[in-house]
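Q: start39.tsv is reproduced below (TSV, C-alpha atoms).
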```tsv
chain	number	residue	atom	x	y	z
A	1	MET	CA	25.74	5.73	-2.00
A	2	GLU	CA	24.95	9.41	-2.40
A	3	GLN	CA	22.51	10.61	0.31
A	4	PHE	CA	19.93	12.78	-1.44
A	5	PHE	CA	16.71	12.64	0.59
A	6	GLU	CA	17.51	15.94	2.31
A	7	ASP	CA	16.77	17.85	-0.90
A	8	THR	CA	13.54	19.55	0.22
A	9	ALA	CA	13.38	21.83	-2.84
A	10	THR	CA	12.84	18.73	-5.00
A	11	ALA	CA	10.70	16.96	-2.40
A	12	PHE	CA	8.17	19.77	-2.04
A	13	ALA	CA	8.42	21.38	-5.50
A	14	LEU	CA	4.73	20.74	-6.21
A	15	LYS	CA	3.48	22.20	-2.92
A	16	SER	CA	2.39	25.83	-2.78
A	17	ASP	CA	3.24	27.79	0.35
A	18	SER	CA	-0.30	27.29	1.67
A	19	GLU	CA	-0.15	23.50	1.02
A	20	LEU	CA	3.21	23.36	2.78
A	21	GLU	CA	1.70	25.16	5.77
A	22	ARG	CA	-1.27	22.77	5.82
A	23	ALA	CA	1.09	19.77	5.80
A	24	TYR	CA	3.11	21.28	8.65
A	25	PHE	CA	-0.07	21.92	10.65
A	26	LEU	CA	-1.39	18.38	10.07
A	27	PHE	CA	1.81	16.64	11.12
A	28	LYS	CA	2.05	18.87	14.20
A	29	MET	CA	-1.44	17.66	15.13
A	30	ILE	CA	-0.62	14.01	14.36
A	31	ALA	CA	2.49	14.25	16.57
A	32	ASN	CA	0.17	14.75	19.55
A	33	GLU	CA	-1.13	11.27	20.48
A	34	PRO	CA	-3.91	12.39	22.90
A	35	LEU	CA	-5.11	14.87	20.27
A	36	VAL	CA	-5.26	12.11	17.63
A	37	ARG	CA	-7.33	9.93	19.99
A	38	ILE	CA	-9.75	12.76	20.79
A	39	GLY	CA	-9.96	13.91	17.16
A	40	THR	CA	-10.63	10.35	15.96
A	41	ALA	CA	-13.47	9.88	18.47
A	42	MET	CA	-15.00	13.26	17.62
A	43	THR	CA	-14.76	12.65	13.86
A	44	ASN	CA	-16.37	9.21	14.14
A	45	PHE	CA	-19.17	10.68	16.25
A	46	ALA	CA	-19.74	13.61	13.87
A	47	ILE	CA	-19.97	11.33	10.81
A	48	LYS	CA	-22.30	8.84	12.53
A	49	ALA	CA	-24.47	11.72	13.76
A	50	LYS	CA	-24.52	13.10	10.20
A	51	LEU	CA	-23.12	16.44	11.33
A	52	PRO	CA	-21.93	18.71	8.48
A	53	VAL	CA	-18.19	18.09	8.89
A	54	GLU	CA	-17.30	16.65	5.49
A	55	GLY	CA	-16.30	20.07	4.12
A	56	LEU	CA	-13.83	20.61	6.97
A	57	ILE	CA	-12.42	17.08	6.62
A	58	ARG	CA	-12.14	17.49	2.84
A	59	ALA	CA	-10.23	20.77	3.15
A	60	THR	CA	-7.71	19.41	5.65
A	61	VAL	CA	-6.82	15.77	6.24
A	62	PHE	CA	-8.70	14.32	3.23
A	63	ASP	CA	-7.07	16.52	0.60
A	64	HIS	CA	-3.63	15.93	2.12
A	65	PHE	CA	-3.81	12.11	2.17
A	66	CYS	CA	-6.35	11.39	-0.62
A	67	GLY	CA	-6.62	12.12	-4.34
A	68	GLY	CA	-10.36	12.78	-4.48
A	69	VAL	CA	-13.82	11.28	-4.12
A	70	ASN	CA	-13.69	9.44	-7.48
A	71	GLU	CA	-11.26	8.61	-10.28
A	72	ALA	CA	-11.93	11.78	-12.29
A	73	ASP	CA	-11.44	13.87	-9.16
A	74	CYS	CA	-7.95	12.32	-8.79
A	75	MET	CA	-6.75	13.24	-12.27
A	76	PRO	CA	-5.39	16.73	-11.48
A	77	VAL	CA	-3.28	15.20	-8.67
A	78	VAL	CA	-2.15	12.33	-10.94
A	79	ASP	CA	-1.19	14.71	-13.74
A	80	LYS	CA	0.58	17.09	-11.37
A	81	MET	CA	2.76	14.37	-9.83
A	82	TRP	CA	3.49	12.94	-13.28
A	83	THR	CA	5.18	16.24	-14.25
A	84	LYS	CA	7.88	15.26	-11.74
A	85	GLY	CA	8.04	11.63	-12.88
A	86	VAL	CA	6.05	10.27	-9.92
A	87	CYS	CA	3.33	7.76	-10.86
A	88	SER	CA	0.09	7.03	-9.02
A	89	VAL	CA	-1.65	3.88	-7.82
A	90	LEU	CA	-5.38	4.62	-7.63
A	91	ASP	CA	-6.55	2.93	-4.43
A	92	TYR	CA	-10.30	2.72	-3.81
A	93	SER	CA	-9.95	2.96	-0.03
A	94	VAL	CA	-13.44	2.10	1.14
A	95	GLU	CA	-12.96	-0.54	3.85
A	96	GLY	CA	-14.19	-4.13	3.45
A	97	THR	CA	-17.84	-4.95	4.07
A	98	ASP	CA	-19.93	-7.98	4.99
A	99	THR	CA	-22.62	-7.67	2.35
A	100	GLU	CA	-22.53	-8.82	-1.25
A	101	ASP	CA	-23.68	-5.67	-3.12
A	102	PRO	CA	-20.81	-3.45	-1.94
A	103	LEU	CA	-18.39	-6.29	-2.76
A	104	ASP	CA	-19.64	-6.23	-6.34
A	105	ASP	CA	-19.48	-2.42	-6.26
A	106	THR	CA	-15.81	-2.67	-5.27
A	107	LEU	CA	-15.20	-5.19	-8.07
A	108	ASN	CA	-16.74	-2.82	-10.62
A	109	LYS	CA	-14.74	0.09	-9.24
A	110	VAL	CA	-11.45	-1.84	-9.56
A	111	LEU	CA	-12.35	-2.96	-13.10
A	112	HIS	CA	-13.08	0.67	-13.98
A	113	VAL	CA	-9.73	1.76	-12.48
A	114	LEU	CA	-7.99	-0.81	-14.71
A	115	ASP	CA	-9.33	1.07	-17.72
A	116	PHE	CA	-7.79	4.26	-16.30
A	117	VAL	CA	-4.50	2.44	-15.80
A	118	LYS	CA	-4.41	1.34	-19.43
A	119	GLU	CA	-5.09	4.87	-20.67
A	120	LYS	CA	-2.48	6.72	-18.61
A	121	ASP	CA	1.27	6.06	-18.30
A	122	ALA	CA	1.06	7.97	-15.02
A	123	ILE	CA	-0.97	5.10	-13.44
A	124	PRO	CA	1.07	1.88	-13.89
A	125	PHE	CA	-0.78	-0.27	-11.30
A	126	ALA	CA	-4.26	-1.05	-10.03
A	127	VAL	CA	-4.81	-2.38	-6.49
A	128	PHE	CA	-7.41	-4.05	-4.28
A	129	LYS	CA	-7.73	-5.69	-0.86
A	130	PRO	CA	-8.88	-9.32	-0.65
A	131	THR	CA	-11.64	-8.32	1.79
A	132	GLY	CA	-12.85	-5.80	-0.77
A	133	PHE	CA	-13.86	-8.86	-2.81
A	134	GLY	CA	-15.09	-11.18	-0.04
A	135	ARG	CA	-16.12	-11.40	3.59
A	136	PHE	CA	-13.30	-11.56	6.12
A	137	GLU	CA	-14.99	-14.50	7.89
A	138	ILE	CA	-14.84	-16.67	4.76
A	139	PHE	CA	-11.10	-16.03	4.31
A	140	LYS	CA	-10.62	-16.68	8.04
A	141	LYS	CA	-12.51	-19.99	7.94
A	142	ARG	CA	-10.53	-21.24	4.93
A	143	THR	CA	-7.24	-20.18	6.52
A	144	ALA	CA	-8.17	-22.18	9.64
A	145	GLY	CA	-8.82	-25.24	7.44
A	146	LYS	CA	-12.50	-25.45	8.41
A	147	SER	CA	-15.13	-26.87	6.08
A	148	LEU	CA	-17.46	-24.39	4.46
A	149	THR	CA	-21.23	-24.82	4.38
A	150	ASP	CA	-22.84	-25.11	0.95
A	151	ALA	CA	-23.84	-21.43	1.13
A	152	GLU	CA	-20.33	-20.42	2.17
A	153	GLN	CA	-18.81	-22.49	-0.64
A	154	GLU	CA	-21.01	-20.63	-3.12
A	155	GLU	CA	-19.83	-17.40	-1.53
A	156	TRP	CA	-16.19	-18.48	-1.86
A	157	ASP	CA	-16.78	-19.36	-5.52
A	158	ARG	CA	-18.02	-15.80	-6.05
A	159	ILE	CA	-14.84	-14.46	-4.37
A	160	VAL	CA	-12.68	-16.60	-6.68
A	161	ALA	CA	-14.69	-15.34	-9.66
A	162	ARG	CA	-14.13	-11.70	-8.62
A	163	PHE	CA	-10.37	-12.31	-8.28
A	164	ASP	CA	-10.23	-14.09	-11.62
A	165	LYS	CA	-12.26	-11.48	-13.49
A	166	THR	CA	-9.98	-8.71	-12.21
A	167	CYS	CA	-6.71	-10.58	-12.84
A	168	LYS	CA	-7.85	-11.60	-16.33
A	169	LYS	CA	-8.68	-7.99	-17.20
A	170	ALA	CA	-5.26	-6.86	-15.90
A	171	PHE	CA	-3.65	-9.58	-18.03
A	172	ASP	CA	-5.68	-8.68	-21.12
A	173	LEU	CA	-4.81	-4.98	-20.73
A	174	ASP	CA	-1.18	-5.80	-19.86
A	175	VAL	CA	-1.19	-3.76	-16.65
A	176	ALA	CA	0.07	-4.77	-13.21
A	177	LEU	CA	-2.27	-5.53	-10.31
A	178	LEU	CA	-1.27	-5.21	-6.65
A	179	ILE	CA	-3.21	-7.28	-4.08
A	180	ASP	CA	-2.82	-5.98	-0.54
A	181	GLY	CA	-1.99	-8.06	2.54
A	182	GLU	CA	-4.23	-8.25	5.59
A	183	GLU	CA	-4.39	-9.99	8.99
A	184	SER	CA	-2.48	-13.28	9.42
A	185	TRP	CA	-5.56	-15.29	10.40
A	186	MET	CA	-7.09	-14.73	6.97
A	187	GLN	CA	-3.92	-14.37	4.88
A	188	ASP	CA	-3.22	-18.03	4.01
A	189	ALA	CA	-6.49	-18.28	2.08
A	190	ALA	CA	-5.68	-15.02	0.27
A	191	ASP	CA	-2.10	-16.19	-0.46
A	192	ASP	CA	-3.35	-19.45	-1.97
A	193	LEU	CA	-5.85	-17.61	-4.14
A	194	VAL	CA	-3.29	-15.03	-5.33
A	195	GLU	CA	-0.83	-17.84	-6.13
A	196	GLN	CA	-3.58	-19.51	-8.17
A	197	MET	CA	-3.92	-16.23	-10.13
A	198	MET	CA	-0.13	-15.97	-10.60
A	199	ARG	CA	0.00	-19.50	-12.02
A	200	LYS	CA	-2.69	-18.52	-14.52
A	201	TYR	CA	-1.66	-15.00	-15.51
A	202	ASN	CA	2.08	-14.63	-14.69
A	203	LYS	CA	3.45	-17.09	-17.26
A	204	LYS	CA	5.62	-14.56	-19.10
A	205	LYS	CA	5.96	-11.70	-16.61
A	206	ALA	CA	4.55	-10.48	-13.30
A	207	VAL	CA	1.04	-9.13	-13.79
A	208	VAL	CA	-0.44	-10.21	-10.44
A	209	PHE	CA	1.42	-9.06	-7.30
A	210	ASN	CA	0.88	-10.43	-3.80
A	211	THR	CA	1.99	-8.57	-0.64
A	212	LEU	CA	4.60	-9.70	1.90
A	213	GLN	CA	4.24	-8.08	5.33
A	214	MET	CA	7.76	-8.44	6.71
A	215	TYR	CA	6.89	-7.74	10.33
A	216	ARG	CA	5.89	-11.42	10.20
A	217	TRP	CA	8.87	-13.66	10.98
A	218	ASP	CA	7.59	-16.45	8.69
A	219	ARG	CA	7.44	-14.48	5.45
A	220	MET	CA	10.98	-15.15	4.19
A	221	ASP	CA	10.29	-18.86	4.39
A	222	TYR	CA	7.02	-18.36	2.51
A	223	LEU	CA	8.79	-16.33	-0.21
A	224	LYS	CA	11.48	-18.96	-0.75
A	225	LYS	CA	8.96	-21.81	-0.96
A	226	LEU	CA	6.79	-19.81	-3.36
A	227	HIS	CA	9.88	-19.17	-5.47
A	228	GLN	CA	10.62	-22.90	-5.60
A	229	ARG	CA	7.07	-23.62	-6.78
A	230	ALA	CA	7.28	-20.83	-9.36
A	231	LYS	CA	10.50	-22.23	-10.85
A	232	GLN	CA	9.14	-25.76	-10.82
A	233	ASP	CA	5.80	-24.82	-12.40
A	234	ASP	CA	7.14	-22.05	-14.66
A	235	PHE	CA	5.39	-18.86	-13.55
A	236	LYS	CA	6.65	-15.43	-12.48
A	237	ILE	CA	6.13	-13.82	-9.06
A	238	GLY	CA	5.07	-10.24	-8.42
A	239	MET	CA	5.66	-9.14	-4.84
A	240	LYS	CA	4.92	-5.94	-3.00
A	241	VAL	CA	7.12	-5.88	0.12
A	242	VAL	CA	6.01	-3.83	3.12
A	243	ARG	CA	6.64	-3.88	6.85
A	244	GLY	CA	2.99	-4.34	7.84
A	245	ALA	CA	-0.07	-2.50	9.09
A	246	TYR	CA	-1.76	-4.62	11.78
A	247	MET	CA	0.93	-5.11	14.44
A	248	GLU	CA	-1.07	-4.19	17.56
A	249	LYS	CA	-4.07	-6.21	16.42
A	250	GLU	CA	-1.83	-9.22	15.62
A	251	ASN	CA	-0.08	-9.16	19.01
A	252	GLU	CA	-3.32	-8.65	20.95
A	253	ARG	CA	-5.04	-11.58	19.23
A	254	ALA	CA	-2.05	-13.90	19.74
A	255	ASP	CA	-1.99	-12.98	23.43
A	256	GLU	CA	-5.75	-13.42	23.78
A	257	LYS	CA	-5.84	-16.79	21.95
A	258	GLY	CA	-2.61	-18.11	23.52
A	259	TYR	CA	-0.52	-18.74	20.39
A	260	LYS	CA	2.90	-17.45	19.39
A	261	THR	CA	2.62	-14.06	17.77
A	262	PRO	CA	3.48	-14.03	14.05
A	263	ILE	CA	5.11	-10.63	14.53
A	264	CYS	CA	8.88	-10.16	14.85
A	265	ALA	CA	10.11	-9.54	18.40
A	266	SER	CA	11.49	-6.07	17.62
A	267	LYS	CA	11.55	-3.25	15.10
A	268	LYS	CA	15.17	-4.16	14.31
A	269	GLU	CA	14.19	-7.76	13.44
A	270	THR	CA	11.47	-6.43	11.16
A	271	ASP	CA	13.98	-4.14	9.44
A	272	VAL	CA	16.41	-7.04	8.93
A	273	ASN	CA	13.58	-9.21	7.60
A	274	PHE	CA	12.44	-6.49	5.18
A	275	ASP	CA	15.94	-5.91	3.81
A	276	ALA	CA	16.47	-9.68	3.47
A	277	ALA	CA	13.34	-9.96	1.31
A	278	ILE	CA	14.46	-7.05	-0.87
A	279	ALA	CA	17.93	-8.62	-1.31
A	280	TYR	CA	16.46	-12.04	-2.16
A	281	ILE	CA	14.19	-10.56	-4.83
A	282	VAL	CA	16.94	-8.42	-6.40
A	283	GLU	CA	19.14	-11.54	-6.58
A	284	ASN	CA	16.29	-13.42	-8.32
A	285	LEU	CA	14.95	-10.63	-10.51
A	286	ASP	CA	14.49	-12.93	-13.50
A	287	ASP	CA	11.80	-14.75	-11.53
A	288	ILE	CA	10.42	-12.09	-9.15
A	289	SER	CA	9.37	-8.48	-9.76
A	290	LEU	CA	9.44	-6.04	-6.84
A	291	PHE	CA	7.25	-3.23	-5.55
A	292	SER	CA	9.06	-1.94	-2.45
A	293	GLY	CA	6.48	-0.18	-0.31
A	294	THR	CA	8.36	1.66	2.42
A	295	HIS	CA	8.81	5.04	4.08
A	296	ASN	CA	12.10	3.86	5.58
A	297	GLU	CA	15.08	5.77	4.17
A	298	GLU	CA	17.70	3.19	5.15
A	299	SER	CA	15.81	0.35	3.44
A	300	THR	CA	15.38	2.51	0.35
A	301	TYR	CA	19.11	3.24	0.20
A	302	THR	CA	19.76	-0.49	0.71
A	303	LEU	CA	17.63	-1.26	-2.36
A	304	LEU	CA	19.49	1.36	-4.43
A	305	GLU	CA	22.85	-0.07	-3.34
A	306	LEU	CA	21.72	-3.60	-4.30
A	307	MET	CA	20.62	-2.34	-7.71
A	308	GLN	CA	23.97	-0.60	-8.19
A	309	ALA	CA	25.95	-3.66	-7.07
A	310	ASN	CA	24.02	-5.87	-9.52
A	311	ASN	CA	24.28	-3.39	-12.42
A	312	ILE	CA	20.52	-2.92	-12.54
A	313	ALA	CA	19.35	0.24	-14.30
A	314	ASN	CA	17.54	2.86	-12.20
A	315	ASN	CA	14.44	2.49	-14.37
A	316	ASP	CA	14.40	-1.32	-14.67
A	317	PRO	CA	10.66	-2.09	-15.06
A	318	ARG	CA	10.88	-5.01	-12.60
A	319	ILE	CA	11.66	-2.72	-9.63
A	320	TRP	CA	9.34	-0.07	-8.23
A	321	SER	CA	9.38	1.97	-5.06
A	322	GLY	CA	6.13	3.15	-3.49
A	323	GLN	CA	4.98	5.48	-0.73
A	324	LEU	CA	1.61	6.75	0.43
A	325	TYR	CA	0.31	10.03	-0.94
A	326	GLY	CA	0.87	12.87	1.52
A	327	MET	CA	3.83	11.18	3.20
A	328	SER	CA	7.58	10.80	2.54
A	329	GLU	CA	7.65	13.25	-0.36
A	330	HIS	CA	11.41	13.49	0.23
A	331	ILE	CA	11.77	9.83	-0.76
A	332	SER	CA	9.28	9.72	-3.66
A	333	PHE	CA	10.19	12.90	-5.51
A	334	ASN	CA	13.94	12.64	-4.98
A	335	LEU	CA	13.92	9.04	-6.25
A	336	ALA	CA	11.94	10.09	-9.32
A	337	ALA	CA	14.37	12.94	-9.96
A	338	LYS	CA	17.16	10.32	-10.12
A	339	GLY	CA	15.26	8.26	-12.67
A	340	TYR	CA	13.93	5.48	-10.41
A	341	ASN	CA	10.42	4.02	-10.85
A	342	VAL	CA	8.20	5.54	-8.16
A	343	ALA	CA	4.44	5.29	-7.54
A	344	LYS	CA	2.43	6.97	-4.81
A	345	TYR	CA	-0.59	5.13	-3.40
A	346	LEU	CA	-3.42	7.59	-4.08
A	347	PRO	CA	-6.51	6.70	-2.03
A	348	PHE	CA	-9.93	7.86	-3.19
A	349	GLY	CA	-13.59	7.41	-2.31
A	350	PRO	CA	-16.47	9.27	-0.63
A	351	VAL	CA	-15.18	11.28	2.35
A	352	LYS	CA	-17.22	9.45	5.00
A	353	ASP	CA	-16.34	6.01	3.56
A	354	VAL	CA	-12.60	6.76	3.45
A	355	MET	CA	-12.49	7.96	7.08
A	356	PRO	CA	-11.41	4.54	8.52
A	357	TYR	CA	-8.40	4.69	6.16
A	358	LEU	CA	-7.58	8.27	7.21
A	359	ILE	CA	-7.89	7.45	10.89
A	360	ARG	CA	-5.52	4.50	10.46
A	361	ARG	CA	-3.01	6.82	8.72
A	362	ALA	CA	-3.14	9.25	11.64
A	363	GLU	CA	-2.78	6.47	14.22
A	364	GLU	CA	0.12	4.84	12.34
A	365	ASN	CA	1.97	8.13	12.07
A	366	THR	CA	1.50	8.67	15.78
A	367	SER	CA	2.74	5.18	16.71
A	368	VAL	CA	5.71	4.86	14.31
A	369	ALA	CA	8.68	6.27	16.18
A	370	GLY	CA	10.39	9.00	14.23
A	371	GLN	CA	8.03	9.08	11.21
A	372	THR	CA	6.15	12.26	12.15
A	373	THR	CA	9.30	13.87	13.59
A	374	ARG	CA	11.08	13.31	10.29
A	375	GLU	CA	8.17	14.71	8.26
A	376	LEU	CA	8.10	17.82	10.49
A	377	SER	CA	11.87	18.38	10.32
A	378	LEU	CA	11.81	18.34	6.50
A	379	LEU	CA	8.76	20.61	6.34
A	380	LYS	CA	10.51	23.03	8.73
A	381	LYS	CA	13.61	22.96	6.54
A	382	GLU	CA	11.60	23.79	3.43
A	383	ARG	CA	9.66	26.56	5.22
A	384	LYS	CA	12.98	28.07	6.24
A	385	ARG	CA	14.36	27.74	2.70
A	386	ARG	CA	11.29	29.53	1.32
A	387	LYS	CA	11.44	32.07	4.18
A	388	ILE	CA	7.79	31.36	5.11
```
Show how you would write the structure in this file as C-alpha cells.

A:
Amino acid sequence: MEQFFEDTATAFALKSDSELERAYFLFKMIANEPLVRIGTAMTNFAIKAKLPVEGLIRATVFDHFCGGVNEADCMPVVDKMWTKGVCSVLDYSVEGTDTEDPLDDTLNKVLHVLDFVKEKDAIPFAVFKPTGFGRFEIFKKRTAGKSLTDAEQEEWDRIVARFDKTCKKAFDLDVALLIDGEESWMQDAADDLVEQMMRKYNKKKAVVFNTLQMYRWDRMDYLKKLHQRAKQDDFKIGMKVVRGAYMEKENERADEKGYKTPICASKKETDVNFDAAIAYIVENLDDISLFSGTHNEESTYTLLELMQANNIANNDPRIWSGQLYGMSEHISFNLAAKGYNVAKYLPFGPVKDVMPYLIRRAEENTSVAGQTTRELSLLKKERKRRKI
C-alpha cells in the first residue's frame, strides 16, 4: 500500500500561513500537560464568572476545532473543505443536560441540521448523542435492568419519541444519521433503542448508524450477535467504529465499584480489536455499512488494504472515513485526494456551551501518546516547505 499521509502540501492546502501558525501554536500548548490543566481551570473559572473571554477563545481554540456558533456560521468552512472533496458532519456539541427543555432544543436543532444535510452534498450525515435526547440517569437505570417509576417511564417514552422522530426524518429525507456512543453503564439501553430504530428504518440500506467503541473488549461479540439478528430479521446495520472517549472514567468507575473493567488491557489490544471490527464489516459489507472514525494512520491503511483486497472501489458509498475538524488533516485531505469518502466532524454551538467539548479535545490530545507529536511534526514540515 502506497504511504501518502506525509503529503503536507495536500493536507494543509486550505490553511493560510497565519492559520498554519495558529495550529502550530495550539498544538505546542496542548503538548504541555500542566499548561492544559491550568488553562482548563482558568477557562472554566472565567466562563462561570462571566469574564469577557469568549472573543479570545473564539479567535484561538474555538475557530480551530469548531465550525461556528450555528449552522449558517459553519457554511463557509463546509464549502471550503468541500472544494477538496472533504465532507462535513455538523455536530451540535452542546453537552447533555438534565432538564427537558434543552433536550427538546437539541431535538429541534438536530431536525434542523437534517434539512441542511438534505440540501448539501457536502454534508452527508447528521449526528446526535443519546444523552442529548434524554437524561443520563434514565439510560443508566434501564441499562442496569431496574424498574422505572411511572414518571420515569413517561420520560423514557419521550426519549423514544425523540429518537423515532429524528430517525424517521432521516429516513424520509434519505440521509444517514450517526448516533454517538457513551459510557458503558448507560450504553446497553442506548444500543437497544438504536437497534429498534435500525429494525424500523434500515430495511433496504443503512440510514441509522450506532457507534462501537472498540476500547471495550466485549464489542466484537456484540457486533457479531447484532449481525446475526440483522440477517435473521432482515435489516441492515450502520456502524461507526471508534476507539473510545471515556477510558479513564470507565477504569476509575470499575475500580471504585469493584467490577471488571470493560476496557481492553492495553492500547495494543484496543488496536487489534478496532482492526478486527473493520475487517469483519468489510467482509460483510452487504449487511453492514461502515463509518471508520479514527486518527490512527495504521488502522486507516489497514482499511484501505482490505478494500483493495476485496476489490471495493475507493468511493463505495458503504464505507466512510471520519476525523475531527482541526485534527489529522494529513489523513482527511490526502484520503479525499485519492477519491475515498471522507467526512470531518464539525462541532458547532455557542462558545460557552461548547467549552466542555473543547476541553475534552485538549485533554485527549494531551493523553494520547504520539497524537500531538505527530500533529506538530507535520505542521513543522509544512512550515519548512512554505519557508515560514

Q: What's the separation between atom CA of A:Thr373 and atom CA of A:Lys240, in Å to one decimal place?

A: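 Separation of atom CA of A:Thr373 and atom CA of A:Lys240: 26.2 Å.
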
Q: Which residue, A:Ala277, A:Met327, A:Met247, A:Ile359, has the smallest gap to A:Leu376 when you use all atoms listed in the file?

A: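 Comparing A:Ala277, A:Met327, A:Met247, A:Ile359 against A:Leu376, the winner is A:Met327.
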
Q: Please report the interatomic distance between atom CA of A:Thr10 and atom CA of A:Phe25 in Å with one decimal.

A: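 According to the coordinates, atom CA of A:Thr10 and atom CA of A:Phe25 are separated by 20.5 Å.
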
Q: Measure the distance from atom CA of A:Glu297 to atom CA of A:Leu285 in Å and round it to one decimal.

A: 22.0 Å

Q: Pick from A:Lys169, A:Leu90, A:Glu137, A:Ser184: nearest to A:Val69, with all atoms listed in the file counted?

A: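 Nearest candidate to A:Val69 out of A:Lys169, A:Leu90, A:Glu137, A:Ser184: A:Leu90.
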
Q: Would you list the residues near (-16.6, -8.9, -3.2), meaning any protein, DNA or RNA residue with an atom at most 8 Å from that point in file coordinates, counting only C-alpha atoms, as a PDB file with C-alpha atoms, in the frame of the given file?

A:
```pdb
ATOM      1  CA  GLU A 100     -22.530  -8.820  -1.250  1.00  0.00           C
ATOM      2  CA  ASP A 101     -23.680  -5.670  -3.120  1.00  0.00           C
ATOM      3  CA  PRO A 102     -20.810  -3.450  -1.940  1.00  0.00           C
ATOM      4  CA  LEU A 103     -18.390  -6.290  -2.760  1.00  0.00           C
ATOM      5  CA  ASP A 104     -19.640  -6.230  -6.340  1.00  0.00           C
ATOM      6  CA  ASP A 105     -19.480  -2.420  -6.260  1.00  0.00           C
ATOM      7  CA  THR A 106     -15.810  -2.670  -5.270  1.00  0.00           C
ATOM      8  CA  LEU A 107     -15.200  -5.190  -8.070  1.00  0.00           C
ATOM      9  CA  THR A 131     -11.640  -8.320   1.790  1.00  0.00           C
ATOM     10  CA  GLY A 132     -12.850  -5.800  -0.770  1.00  0.00           C
ATOM     11  CA  PHE A 133     -13.860  -8.860  -2.810  1.00  0.00           C
ATOM     12  CA  GLY A 134     -15.090 -11.180  -0.040  1.00  0.00           C
ATOM     13  CA  ARG A 135     -16.120 -11.400   3.590  1.00  0.00           C
ATOM     14  CA  ARG A 158     -18.020 -15.800  -6.050  1.00  0.00           C
ATOM     15  CA  ILE A 159     -14.840 -14.460  -4.370  1.00  0.00           C
ATOM     16  CA  ARG A 162     -14.130 -11.700  -8.620  1.00  0.00           C
TER      17      ARG A 162
END
```

Q: Would you pick out the contacts of A:Ala309 at 12 Å or less, using only C-alpha atoms, so that residues sharing its chain but fewer than 4 positions from it are not included, and give the list as a PyMOL selection string?

A: chain A and resi 1+279+282-283+302-305+313-314

Q: Just C-alpha atoms for this one: save the residues we selected as a PDB file, in the coordinates of the input.

A:
```pdb
ATOM      1  CA  MET A   1      25.740   5.730  -2.000  1.00  0.00           C
ATOM      2  CA  ALA A 279      17.930  -8.620  -1.310  1.00  0.00           C
ATOM      3  CA  VAL A 282      16.940  -8.420  -6.400  1.00  0.00           C
ATOM      4  CA  GLU A 283      19.140 -11.540  -6.580  1.00  0.00           C
ATOM      5  CA  THR A 302      19.760  -0.490   0.710  1.00  0.00           C
ATOM      6  CA  LEU A 303      17.630  -1.260  -2.360  1.00  0.00           C
ATOM      7  CA  LEU A 304      19.490   1.360  -4.430  1.00  0.00           C
ATOM      8  CA  GLU A 305      22.850  -0.070  -3.340  1.00  0.00           C
ATOM      9  CA  ALA A 313      19.350   0.240 -14.300  1.00  0.00           C
ATOM     10  CA  ASN A 314      17.540   2.860 -12.200  1.00  0.00           C
TER      11      ASN A 314
END
```

Q: Name all residues at most 10 Å from stretch 108-117 of chain A (count all atoms listed in the file; drop same-chain ones fewer than 6 positions away) and give them as a compact mmCIF listing (two decimals) with C-alpha atoms, keeping the file's coordinate frame.

A:
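Result went into around25.txt, see below:
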```
# COMPACT_ATOMS: atom_id res chain seq x y z
CA ASN A 70 -13.69 9.44 -7.48
CA GLU A 71 -11.26 8.61 -10.28
CA ALA A 72 -11.93 11.78 -12.29
CA MET A 75 -6.75 13.24 -12.27
CA SER A 88 0.09 7.03 -9.02
CA VAL A 89 -1.65 3.88 -7.82
CA LEU A 90 -5.38 4.62 -7.63
CA ASP A 91 -6.55 2.93 -4.43
CA TYR A 92 -10.30 2.72 -3.81
CA PRO A 102 -20.81 -3.45 -1.94
CA ILE A 123 -0.97 5.10 -13.44
CA PRO A 124 1.07 1.88 -13.89
CA PHE A 125 -0.78 -0.27 -11.30
CA ALA A 126 -4.26 -1.05 -10.03
CA VAL A 127 -4.81 -2.38 -6.49
CA PHE A 128 -7.41 -4.05 -4.28
CA GLY A 132 -12.85 -5.80 -0.77
CA ARG A 162 -14.13 -11.70 -8.62
CA LYS A 165 -12.26 -11.48 -13.49
CA THR A 166 -9.98 -8.71 -12.21
CA CYS A 167 -6.71 -10.58 -12.84
CA LYS A 169 -8.68 -7.99 -17.20
CA ALA A 170 -5.26 -6.86 -15.90
CA LEU A 173 -4.81 -4.98 -20.73
CA ASP A 174 -1.18 -5.80 -19.86
CA VAL A 175 -1.19 -3.76 -16.65
CA ALA A 176 0.07 -4.77 -13.21
CA LEU A 177 -2.27 -5.53 -10.31
```

Q: With all atoms listed in the file as the basis for distance, which of A:Asn284, A:Ser16, A:His295, A:Met239 is at the shortest distance from A:Gly370?

A: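 Of A:Asn284, A:Ser16, A:His295, A:Met239, the one nearest A:Gly370, counting all atoms listed in the file, is A:His295.
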
Q: Please list as a ChimeraX atom specification every residue within 12 Å of A:Ile388, counting only C-alpha atoms and excluding residues in the same chain fewer than 5 positions away.

A: /A:16-21,24,379-383

Q: Of the residues A:Glu269, A:Met186, A:Lys257, A:Ser328, which is the one nearest to A:Tyr215, using all atoms listed in the file?

A: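 Of the candidates, the smallest distance to A:Tyr215 is held by A:Glu269.
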
Q: Taking 3 positions as the minimum chain separation for residues in the same chain, which residues sit within 6 Å of stretch 232-238 of chain A when counting only C-alpha atoms? Answer as a list in words.

A: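 Surrounding residues, per the criterion: Arg199, Asn202, Lys203, Lys205, Ala206, Val208, Phe209, Arg229, Asp287, Ile288 and Ser289 of chain A.
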
Q: Within 10 Å of A:Ala337, counting all atoms listed in the file, which residues qualify if same-chain residues fewer than 2 places away don't, as JSON, numbers by chain?

A: {"A": [10, 11, 84, 85, 86, 332, 333, 334, 335, 339, 340, 341, 342]}

Q: Which of these residues is nearest to A:Val354, using all atoms listed in the file: A:Glu119, A:Glu183, A:Glu54, A:Asp191?

A: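 For A:Val354, the nearest of the candidates is A:Glu54.
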
Q: Would you please work out which residue, of A:Lys260, A:Arg243, A:His64, A:Lys249, is nearest to A:Ser299 when using only C-alpha atoms?

A: A:Arg243
